[in-house]
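J.: What follows is a structure written as structure tokens; I'll ask about it next.
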Amino acid sequence: MPNSLPYDLANDEDAEHYIREAFTPSHRDRWEALLADDRVSQTYRVLKTIEAQASHTATCRRDQIKLAEKQHDAGLMTAVEHTSQYREFIAWRERASGFNTVLHQYLALAADRFRLIHRDSVVESLRHSLLALAVAVDDHRQAHAGEESLADIALWARLQLLPWPNSANASYRLADAVAAERGRRGAARRIKNGLIEFQGTPVTGETVDVADLLLEITDHAQPTCDRTRLVELWHQRTPDLIHSPAAKVAATKHNGRYTTHRLRRSLTYLELQGLIARTTHENKPEITVLNRAALIVLRRQWDKEHFPLGDTDF
């Protein structure tokens with residue numbers, strides 16, 4: 001289950017206190033959550049603040065010891081007082097050196113994660129736009145099959161020749177990505193033997209379909225949906241489950257509607273993973289998405305294993 005942090009994205013003061021504690025060996029397990037996609041921007045920002053504070057403290061300390069040396073040379077400070085201040089400075093410098101080593105270690109990790117996420121978001125947007133355009137052209141080609149103009153034929157021929165960025169297969173083409181995208185848009189549950197590992201547990205295609213539906217009917221501003229509406233949409237989109245052999249067996253046992261049973265199982269899994277919560281508001285059952293980023297990661301992991309569009313290391 002993913003670790004949640006005890007402060008929100010706008011509370012940098014509590015974040016700084018939490019991060020400073022995470023520098024100690026007994027709290028190093030906090031960094032996985034601190035560097036998660038939905039938290040790394042804040043963590044990086046707070047670490048830069050801590051770095052600036054440490055730099056300011058170092059400047060003040062050095063100014064103090066320089067002043068003490070001048071006062072001692074001028075006879076305004078005794079040798080005992082000067083020695084005492086110098087020993088304090090040396091002790092502080094040793095502590096600061098150890099602290100800065102740990103600080104810059106995690107600052108480097110956060111900076112790498114921060115750059116990776118922001119770079120990938122731009123690349124992903126460009127790839128998405130290119131793929132959407134290619135799919136639209138292919139839709140047009142299929143809709144006018146047998147009636148293509150020379151311009152239509154030339155356009156699709158050109159798109160078929162375009163490479164699709166793929167670090168593993170140099171011969172991968174945009175046309176291949178279009179075919180994979182069409183397969184991805186189908187129901188995940190229809191893929192036979194399609195289990196994947198997510199957060200150390202097996203996930204079925206049905207659960208991926210439920211995650212998709214939750215992502216569709218909720219957003220960051222409104223993460224909660226009515227459970228009754230969710231059930232209605234699920235029934236509309238799963239007629240294949242109603243006629244499955246398992247549904248017929250369930251009907252003979254009078255176990256209730258099979259599609260509802262399958263939805264309940266997927267929701268239970270997502271809830272146990274800490275991704276959603278099932279609550280009741282004014283006697284109405286609701287579903288609240290707690291970790292939207294993780295639902296997106298689940299979908300992407302499924303796509304990567306079953307419909308590789310050619311992930312590239314840019």
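Please note that chains go A, B, ... in the order of the structure tokens, that every chain numbers its residues from 1, and that ligands are numbered from 1 in the order shown.
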If we count only C-alpha atoms, what is near Ser266 in chain A at a cut-off of 9 Å, once residues fewer than 4 positions away on the same chain are taken out, given as a ChimeraX atom specification?
T.: /A:203-204,206-208,210-211,261-262,270-271
J.: For the residues in that selection, give me all heavy atoms as a CSV table (one decimal), in the first residue's frame.
T.:
```
chain,number,residue,atom,x,y,z
A,203,VAL,N,-3.0,-8.2,-11.0
A,203,VAL,CA,-4.1,-7.4,-11.4
A,203,VAL,C,-4.7,-7.9,-12.6
A,203,VAL,O,-4.0,-8.3,-13.6
A,203,VAL,CB,-3.7,-5.9,-11.6
A,203,VAL,CG1,-4.9,-5.1,-12.0
A,203,VAL,CG2,-3.0,-5.4,-10.3
A,204,THR,N,-6.0,-8.0,-12.7
A,204,THR,CA,-6.8,-8.5,-13.8
A,204,THR,C,-7.1,-7.4,-14.8
A,204,THR,O,-7.1,-6.2,-14.4
A,204,THR,CB,-8.0,-9.3,-13.4
A,204,THR,OG1,-8.9,-8.3,-12.8
A,204,THR,CG2,-7.7,-10.4,-12.4
A,206,GLU,N,-10.1,-6.8,-15.8
A,206,GLU,CA,-11.3,-6.1,-15.3
A,206,GLU,C,-11.0,-5.0,-14.3
A,206,GLU,O,-11.6,-3.9,-14.3
A,206,GLU,CB,-12.2,-7.2,-14.5
A,206,GLU,CG,-12.9,-8.2,-15.5
A,206,GLU,CD,-13.6,-9.2,-14.7
A,206,GLU,OE1,-13.7,-9.1,-13.5
A,206,GLU,OE2,-14.1,-10.2,-15.4
A,207,THR,N,-10.0,-5.2,-13.5
A,207,THR,CA,-9.6,-4.1,-12.5
A,207,THR,C,-9.1,-2.9,-13.3
A,207,THR,O,-9.3,-1.8,-12.9
A,207,THR,CB,-8.6,-4.6,-11.5
A,207,THR,OG1,-9.1,-5.7,-10.8
A,207,THR,CG2,-8.1,-3.5,-10.6
A,208,VAL,N,-8.3,-3.2,-14.4
A,208,VAL,CA,-7.8,-2.1,-15.2
A,208,VAL,C,-9.0,-1.3,-15.8
A,208,VAL,O,-9.0,-0.1,-15.9
A,208,VAL,CB,-6.9,-2.6,-16.3
A,208,VAL,CG1,-6.5,-1.5,-17.2
A,208,VAL,CG2,-5.7,-3.2,-15.7
A,210,VAL,N,-12.0,-1.0,-14.6
A,210,VAL,CA,-12.6,-0.2,-13.5
A,210,VAL,C,-11.8,1.0,-13.2
A,210,VAL,O,-12.4,2.1,-13.0
A,210,VAL,CB,-12.8,-1.1,-12.2
A,210,VAL,CG1,-13.3,-0.2,-11.1
A,210,VAL,CG2,-13.7,-2.2,-12.5
A,211,ALA,N,-10.5,0.9,-13.2
A,211,ALA,CA,-9.6,2.0,-13.0
A,211,ALA,C,-9.8,3.1,-14.1
A,211,ALA,O,-9.9,4.3,-13.9
A,211,ALA,CB,-8.2,1.6,-13.0
A,261,HIS,N,-20.9,-8.3,-9.1
A,261,HIS,CA,-19.9,-9.0,-8.3
A,261,HIS,C,-18.5,-8.8,-8.8
A,261,HIS,O,-17.6,-8.5,-8.0
A,261,HIS,CB,-20.3,-10.5,-8.4
A,261,HIS,CG,-19.2,-11.4,-7.9
A,261,HIS,ND1,-18.9,-11.5,-6.6
A,261,HIS,CD2,-18.3,-12.3,-8.5
A,261,HIS,CE1,-17.9,-12.4,-6.4
A,261,HIS,NE2,-17.6,-12.9,-7.6
A,262,ARG,N,-18.3,-8.7,-10.1
A,262,ARG,CA,-16.9,-8.5,-10.6
A,262,ARG,C,-16.5,-7.1,-10.3
A,262,ARG,O,-15.3,-6.8,-10.0
A,262,ARG,CB,-16.9,-8.7,-12.2
A,262,ARG,CG,-17.4,-10.1,-12.6
A,262,ARG,CD,-16.5,-11.2,-12.0
A,262,ARG,NE,-15.1,-11.1,-12.4
A,262,ARG,CZ,-14.1,-11.9,-12.0
A,262,ARG,NH1,-14.5,-13.0,-11.2
A,262,ARG,NH2,-12.9,-11.8,-12.4
A,270,LEU,N,-8.7,-2.2,-5.4
A,270,LEU,CA,-8.2,-0.9,-5.4
A,270,LEU,C,-8.2,-0.2,-4.1
A,270,LEU,O,-7.4,0.6,-3.7
A,270,LEU,CB,-9.1,-0.1,-6.4
A,270,LEU,CG,-9.0,-0.5,-7.9
A,270,LEU,CD1,-9.9,0.3,-8.8
A,270,LEU,CD2,-7.5,-0.3,-8.4
A,271,GLU,N,-9.2,-0.6,-3.3
A,271,GLU,CA,-9.3,0.0,-1.9
A,271,GLU,C,-8.2,-0.5,-1.0
A,271,GLU,O,-7.6,0.2,-0.2
A,271,GLU,CB,-10.7,-0.3,-1.3
A,271,GLU,CG,-11.0,0.4,0.0
A,271,GLU,CD,-12.4,0.3,0.5
A,271,GLU,OE1,-13.0,-0.8,0.3
A,271,GLU,OE2,-13.0,1.2,1.0
```
J.: Near Ala179 in chain A, counting only C-alpha atoms, which residues have an atom at most 12 Å away, once you skip same-chain residues fewer than 6 positions from it, shown as a PyMOL selection string?
T.: chain A and resi 131+134-135+138-139+160+172-173+185-186+307-309
J.: Report, in Å with one decimal, the straight-line distance from CA of Leu298 in chain A to CA of Tyr44 in chain A.
T.: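 Interatomic distance, CA of Leu298 in chain A to CA of Tyr44 in chain A: 24.7 Å.
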J.: Please provide as a list in words all residues within 8 Å of range 280-288 of chain A, with the sequence filter that same-chain residues fewer than 3 positions apart are discarded (counting only C-alpha atoms).
T.: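 In the requested form, the answer reads Pro223, Thr224, Cys225, Asp226, Arg227, Thr228, Ile276 and Ala277 of chain A.
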J.: Would you output that residue set with C-alpha atoms, as a short mmCIF file (atom, residue, chain, number, x, y, z; two decimals), in the first residue's frame?
T.:
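Final file, out_25.cif:
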```
data_model
loop_
_atom_site.label_atom_id
_atom_site.label_comp_id
_atom_site.auth_asym_id
_atom_site.auth_seq_id
_atom_site.Cartn_x
_atom_site.Cartn_y
_atom_site.Cartn_z
CA PRO A 223 -12.41 12.97 -7.11
CA THR A 224 -15.69 11.55 -5.76
CA CYS A 225 -18.43 9.86 -7.78
CA ASP A 226 -21.78 8.32 -6.96
CA ARG A 227 -21.43 4.55 -6.67
CA THR A 228 -24.86 3.95 -8.22
CA ILE A 276 -9.78 4.58 -3.59
CA ALA A 277 -12.14 4.77 -0.62
#
```
J.: As a ChimeraX atom specification, please: all residues of range 121-208 of chain A that backbone DSSP puts in strand (DSSP E or B).
T.: /A:163,173,196-198,201-203
J.: I need the residues from that last selection saved to file as a PDB file, in the first residue's frame (with N, CA and C atoms), if you can.
T.:
```
ATOM      1  N   PRO A 163       8.928   6.791 -38.690  1.00  0.00           N
ATOM      2  CA  PRO A 163       9.321   5.948 -37.542  1.00  0.00           C
ATOM      3  C   PRO A 163       8.615   6.411 -36.278  1.00  0.00           C
ATOM      4  N   ARG A 173       7.187   1.490 -36.553  1.00  0.00           N
ATOM      5  CA  ARG A 173       6.650   2.594 -37.330  1.00  0.00           C
ATOM      6  C   ARG A 173       5.394   3.174 -36.688  1.00  0.00           C
ATOM      7  N   ILE A 196      -1.087  -8.797 -14.715  1.00  0.00           N
ATOM      8  CA  ILE A 196       0.170  -8.085 -14.539  1.00  0.00           C
ATOM      9  C   ILE A 196       0.441  -7.941 -13.046  1.00  0.00           C
ATOM     10  N   GLU A 197       1.682  -7.639 -12.713  1.00  0.00           N
ATOM     11  CA  GLU A 197       2.050  -7.388 -11.324  1.00  0.00           C
ATOM     12  C   GLU A 197       2.034  -5.883 -11.087  1.00  0.00           C
ATOM     13  N   PHE A 198       1.300  -5.469 -10.056  1.00  0.00           N
ATOM     14  CA  PHE A 198       1.221  -4.054  -9.703  1.00  0.00           C
ATOM     15  C   PHE A 198       1.348  -3.935  -8.197  1.00  0.00           C
ATOM     16  N   THR A 201       1.275  -7.276  -6.398  1.00  0.00           N
ATOM     17  CA  THR A 201       0.074  -8.121  -6.420  1.00  0.00           C
ATOM     18  C   THR A 201      -0.424  -8.271  -7.855  1.00  0.00           C
ATOM     19  N   PRO A 202      -1.079  -9.390  -8.165  1.00  0.00           N
ATOM     20  CA  PRO A 202      -1.604  -9.589  -9.524  1.00  0.00           C
ATOM     21  C   PRO A 202      -2.857  -8.748  -9.777  1.00  0.00           C
ATOM     22  N   VAL A 203      -2.958  -8.219 -10.985  1.00  0.00           N
ATOM     23  CA  VAL A 203      -4.103  -7.386 -11.362  1.00  0.00           C
ATOM     24  C   VAL A 203      -4.717  -7.941 -12.637  1.00  0.00           C
TER      25      VAL A 203
END
```
J.: Which residues are near range 101-113 of chain A? Cut-off 9 Å, only C-alpha atoms, ignore same chain within fewer than 3 positions. Put them as a PDB file with N, CA and C atoms, in the first residue's frame.
T.:
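Result file is selection.pdb:
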```
ATOM      1  N   ARG A  20      13.153  16.973   7.091  1.00  0.00           N
ATOM      2  CA  ARG A  20      14.339  17.030   7.959  1.00  0.00           C
ATOM      3  C   ARG A  20      14.433  15.760   8.816  1.00  0.00           C
ATOM      4  N   PHE A  23      15.959  12.762   7.002  1.00  0.00           N
ATOM      5  CA  PHE A  23      17.414  12.675   6.847  1.00  0.00           C
ATOM      6  C   PHE A  23      18.037  11.675   7.822  1.00  0.00           C
ATOM      7  N   THR A  24      17.363  11.408   8.933  1.00  0.00           N
ATOM      8  CA  THR A  24      17.912  10.512   9.944  1.00  0.00           C
ATOM      9  C   THR A  24      17.733   9.059   9.521  1.00  0.00           C
ATOM     10  N   TRP A  31      11.458   8.231   2.023  1.00  0.00           N
ATOM     11  CA  TRP A  31      11.843   8.843   0.756  1.00  0.00           C
ATOM     12  C   TRP A  31      11.101   8.288  -0.443  1.00  0.00           C
ATOM     13  N   LEU A  34       8.185  10.489  -0.550  1.00  0.00           N
ATOM     14  CA  LEU A  34       8.592  11.871  -0.800  1.00  0.00           C
ATOM     15  C   LEU A  34       8.990  12.099  -2.258  1.00  0.00           C
ATOM     16  N   LEU A  35       9.500  11.057  -2.919  1.00  0.00           N
ATOM     17  CA  LEU A  35       9.937  11.190  -4.303  1.00  0.00           C
ATOM     18  C   LEU A  35       8.926  10.637  -5.295  1.00  0.00           C
ATOM     19  N   ALA A  36       7.716  10.323  -4.833  1.00  0.00           N
ATOM     20  CA  ALA A  36       6.658   9.840  -5.720  1.00  0.00           C
ATOM     21  C   ALA A  36       6.264  10.937  -6.704  1.00  0.00           C
ATOM     22  N   ASP A  37       5.690  10.539  -7.829  1.00  0.00           N
ATOM     23  CA  ASP A  37       5.370  11.495  -8.900  1.00  0.00           C
ATOM     24  C   ASP A  37       4.530  12.676  -8.415  1.00  0.00           C
ATOM     25  N   VAL A  40       7.030  14.805  -5.665  1.00  0.00           N
ATOM     26  CA  VAL A  40       8.435  15.157  -5.853  1.00  0.00           C
ATOM     27  C   VAL A  40       8.638  16.654  -6.110  1.00  0.00           C
ATOM     28  N   SER A  41       7.679  17.325  -6.744  1.00  0.00           N
ATOM     29  CA  SER A  41       7.832  18.762  -6.999  1.00  0.00           C
ATOM     30  C   SER A  41       7.911  19.528  -5.684  1.00  0.00           C
ATOM     31  N   THR A  43       8.683  18.215  -2.710  1.00  0.00           N
ATOM     32  CA  THR A  43       9.889  17.771  -2.012  1.00  0.00           C
ATOM     33  C   THR A  43      11.114  18.497  -2.540  1.00  0.00           C
ATOM     34  N   TYR A  44      11.228  18.611  -3.851  1.00  0.00           N
ATOM     35  CA  TYR A  44      12.369  19.310  -4.456  1.00  0.00           C
ATOM     36  C   TYR A  44      12.378  20.778  -4.036  1.00  0.00           C
ATOM     37  N   LEU A  47      13.481  20.979  -0.388  1.00  0.00           N
ATOM     38  CA  LEU A  47      14.914  20.676  -0.269  1.00  0.00           C
ATOM     39  C   LEU A  47      15.765  21.868  -0.716  1.00  0.00           C
ATOM     40  N   LYS A  48      15.330  22.576  -1.753  1.00  0.00           N
ATOM     41  CA  LYS A  48      16.060  23.768  -2.185  1.00  0.00           C
ATOM     42  C   LYS A  48      15.994  24.858  -1.111  1.00  0.00           C
ATOM     43  N   ILE A  50      15.740  24.240   2.161  1.00  0.00           N
ATOM     44  CA  ILE A  50      16.646  23.768   3.213  1.00  0.00           C
ATOM     45  C   ILE A  50      18.091  24.044   2.815  1.00  0.00           C
ATOM     46  N   GLU A  51      18.427  23.828   1.543  1.00  0.00           N
ATOM     47  CA  GLU A  51      19.786  24.097   1.061  1.00  0.00           C
ATOM     48  C   GLU A  51      20.126  25.571   1.212  1.00  0.00           C
ATOM     49  N   ALA A  96      27.739  20.091  10.098  1.00  0.00           N
ATOM     50  CA  ALA A  96      27.211  20.634   8.850  1.00  0.00           C
ATOM     51  C   ALA A  96      27.691  19.823   7.657  1.00  0.00           C
ATOM     52  N   SER A  97      28.946  19.348   7.719  1.00  0.00           N
ATOM     53  CA  SER A  97      29.471  18.545   6.622  1.00  0.00           C
ATOM     54  C   SER A  97      28.669  17.259   6.459  1.00  0.00           C
ATOM     55  N   GLY A  98      28.372  16.589   7.564  1.00  0.00           N
ATOM     56  CA  GLY A  98      27.571  15.369   7.501  1.00  0.00           C
ATOM     57  C   GLY A  98      26.157  15.634   7.014  1.00  0.00           C
ATOM     58  N   LEU A 116      12.898  14.466 -14.796  1.00  0.00           N
ATOM     59  CA  LEU A 116      12.364  13.345 -15.575  1.00  0.00           C
ATOM     60  C   LEU A 116      10.869  13.485 -15.783  1.00  0.00           C
ATOM     61  N   ILE A 117      10.156  13.827 -14.717  1.00  0.00           N
ATOM     62  CA  ILE A 117       8.696  13.941 -14.800  1.00  0.00           C
ATOM     63  C   ILE A 117       8.293  15.080 -15.729  1.00  0.00           C
ATOM     64  N   HIS A 118       8.933  16.244 -15.584  1.00  0.00           N
ATOM     65  CA  HIS A 118       8.553  17.386 -16.412  1.00  0.00           C
ATOM     66  C   HIS A 118       8.973  17.183 -17.863  1.00  0.00           C
TER      67      HIS A 118
END
```
J.: Could you jot down the CA of Ile153 in chain A to CA of His140 in chain A separation for me, Å, one decimal place?
T.: 10.9 Å
J.: Return the single residue from A:Ala91, A:Ala187, A:Ala143, A:Ala221 that is closest to Asp303 in chain A, with distances computed using only C-alpha atoms.
T.: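 The shortest atom-to-atom distance to Asp303 in chain A comes from A:Ala187.
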J.: Give the alpha helix (DSSP H) residues of range 61-292 of chain A, as DSSP finds them on the backbone, and put them as a ChimeraX atom specification.
T.: /A:61-73,79-143,150-161,174-184,205-217,227-237,239-242,245-252,258-272,292
J.: What separation in Å, quoted to one decimal, exists between CA of Tyr7 in chain A and CA of Arg28 in chain A?
T.: 17.6 Å
J.: Let me make sure I understand: among A:Glu305, A:Gln142, A:His82, A:Gln222, which one has the smallest atom-to-atom distance to Gln64 in chain A if we use only C-alpha atoms?
T.: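 Using only C-alpha atoms, the shortest distance to Gln64 in chain A belongs to A:His82.
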